[in-house]
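This report refers to the structure that appears directly beneath it.
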Amino acid sequence: MRQVIAAATGMLMSCSVTIAQEPPLSPKLKNEQFPSYSAGATVAAMYCGKLELNAYFFAGYGYATGIYPPLDPYFRSEMARLEKEAKTDLKSYCSATRLMFYKGNKPKPLNAPLLIDKP
């Protein structure tokens, strides 16, 4: 009986150590961030030639949360601000948005998979 208890205790300890070593889960996209991120991705899709919006992610997120960025008043002002930023330094803007939002990044985009390659 002692051997069974010792084996079970050892197994539980090894499982807890394994769980502690797993990388943390990626942060969830908060509802407050979505209009801002959508504006950034929309500007990137407009000005960065090889990228387009990930319509599946937008539709799924909108369906799940009920948030539609173009109807948010903050979206338009943020998009205007980001357009000015993109026009001043397009190369830097495109590389930054690719890092943050491009679905093909390995292991994953920093914020959300809002951009994909144009076909």
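Chain lettering (A, B, ...) mirrors the order of the structure tokens, residue numbering begins at 1 for each chain separately, and ligand numbering begins at 1 in order of display.
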Legend entry - Long-range neighbours of Pro69 (chain A) as an MDAnalysis selection string, 8 Å cut-off, only C-alpha atoms, 5 positions minimum in chain: chainID A and resid 34:35 38:39 75
Export of prior selection with N, CA and C atoms as a tab-separated table (two decimals), in the first residue's frame:
chain	number	residue	atom	x	y	z
A	34	PHE	N	-10.38	45.41	-29.52
A	34	PHE	CA	-10.74	44.98	-30.87
A	34	PHE	C	-10.93	46.13	-31.86
A	35	PRO	N	-11.65	47.21	-31.52
A	35	PRO	CA	-11.77	48.31	-32.50
A	35	PRO	C	-10.44	48.95	-32.86
A	38	SER	N	-8.52	46.47	-35.00
A	38	SER	CA	-9.18	46.40	-36.30
A	38	SER	C	-8.80	47.58	-37.17
A	39	ALA	N	-8.72	48.76	-36.56
A	39	ALA	CA	-8.32	49.95	-37.31
A	39	ALA	C	-6.90	49.79	-37.83
A	75	PHE	N	-13.29	53.77	-33.57
A	75	PHE	CA	-12.66	53.11	-34.72
A	75	PHE	C	-12.25	54.14	-35.77
Legend entry - Among listed residues A:Ala59, A:Leu29, A:Ala41, A:Ala80, nearest Ser95 (chain A) (using only C-alpha atoms): A:Ala41
Legend entry - DSSP-assigned alpha helix (DSSP H) members of region 11-111 of chain A, reported as a VMD selection string: chain A and resid 11 to 21 34 to 47 55 to 65 73 to 88 90 to 101
Inset, instruction - Excluding Glu85 (chain A) and any residue of its chain fewer than 3 positions from it, enumerate the residues within 12 Å of it, using only C-alpha atoms, and give them as number ranges by chain. - result: A: 40, 43-44, 47, 78-82, 88-94, 96-97
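Here the question is which of A:Tyr68, A:Arg76, A:Phe101, A:Lys108 gets nearest to Asn54 (chain A) using only C-alpha atoms, and that residue is A:Phe101.
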Inset, instruction - In Å, rounded to a single decimal, give me how far CA of Glu52 (chain A) is from CA of Ile116 (chain A). - result: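 Distance between the two atoms: 5.5 Å.
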Legend entry - Interatomic distance (Å, one decimal) between CA of Leu51 (chain A) and CA of Pro113 (chain A): 11.8 Å
Inset, instruction - Could you give me the residues within region 19-118 of chain A that DSSP places in strand (DSSP E), as a PyMOL selection string? - result: chain A and resi 51-53+115-117
Inset, instruction - Calculate how many Å separate CA of Phe58 (chain A) from CA of Tyr37 (chain A), rounding to one decimal. - result: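 For CA of Phe58 (chain A) relative to CA of Tyr37 (chain A), the distance reads 10.9 Å.
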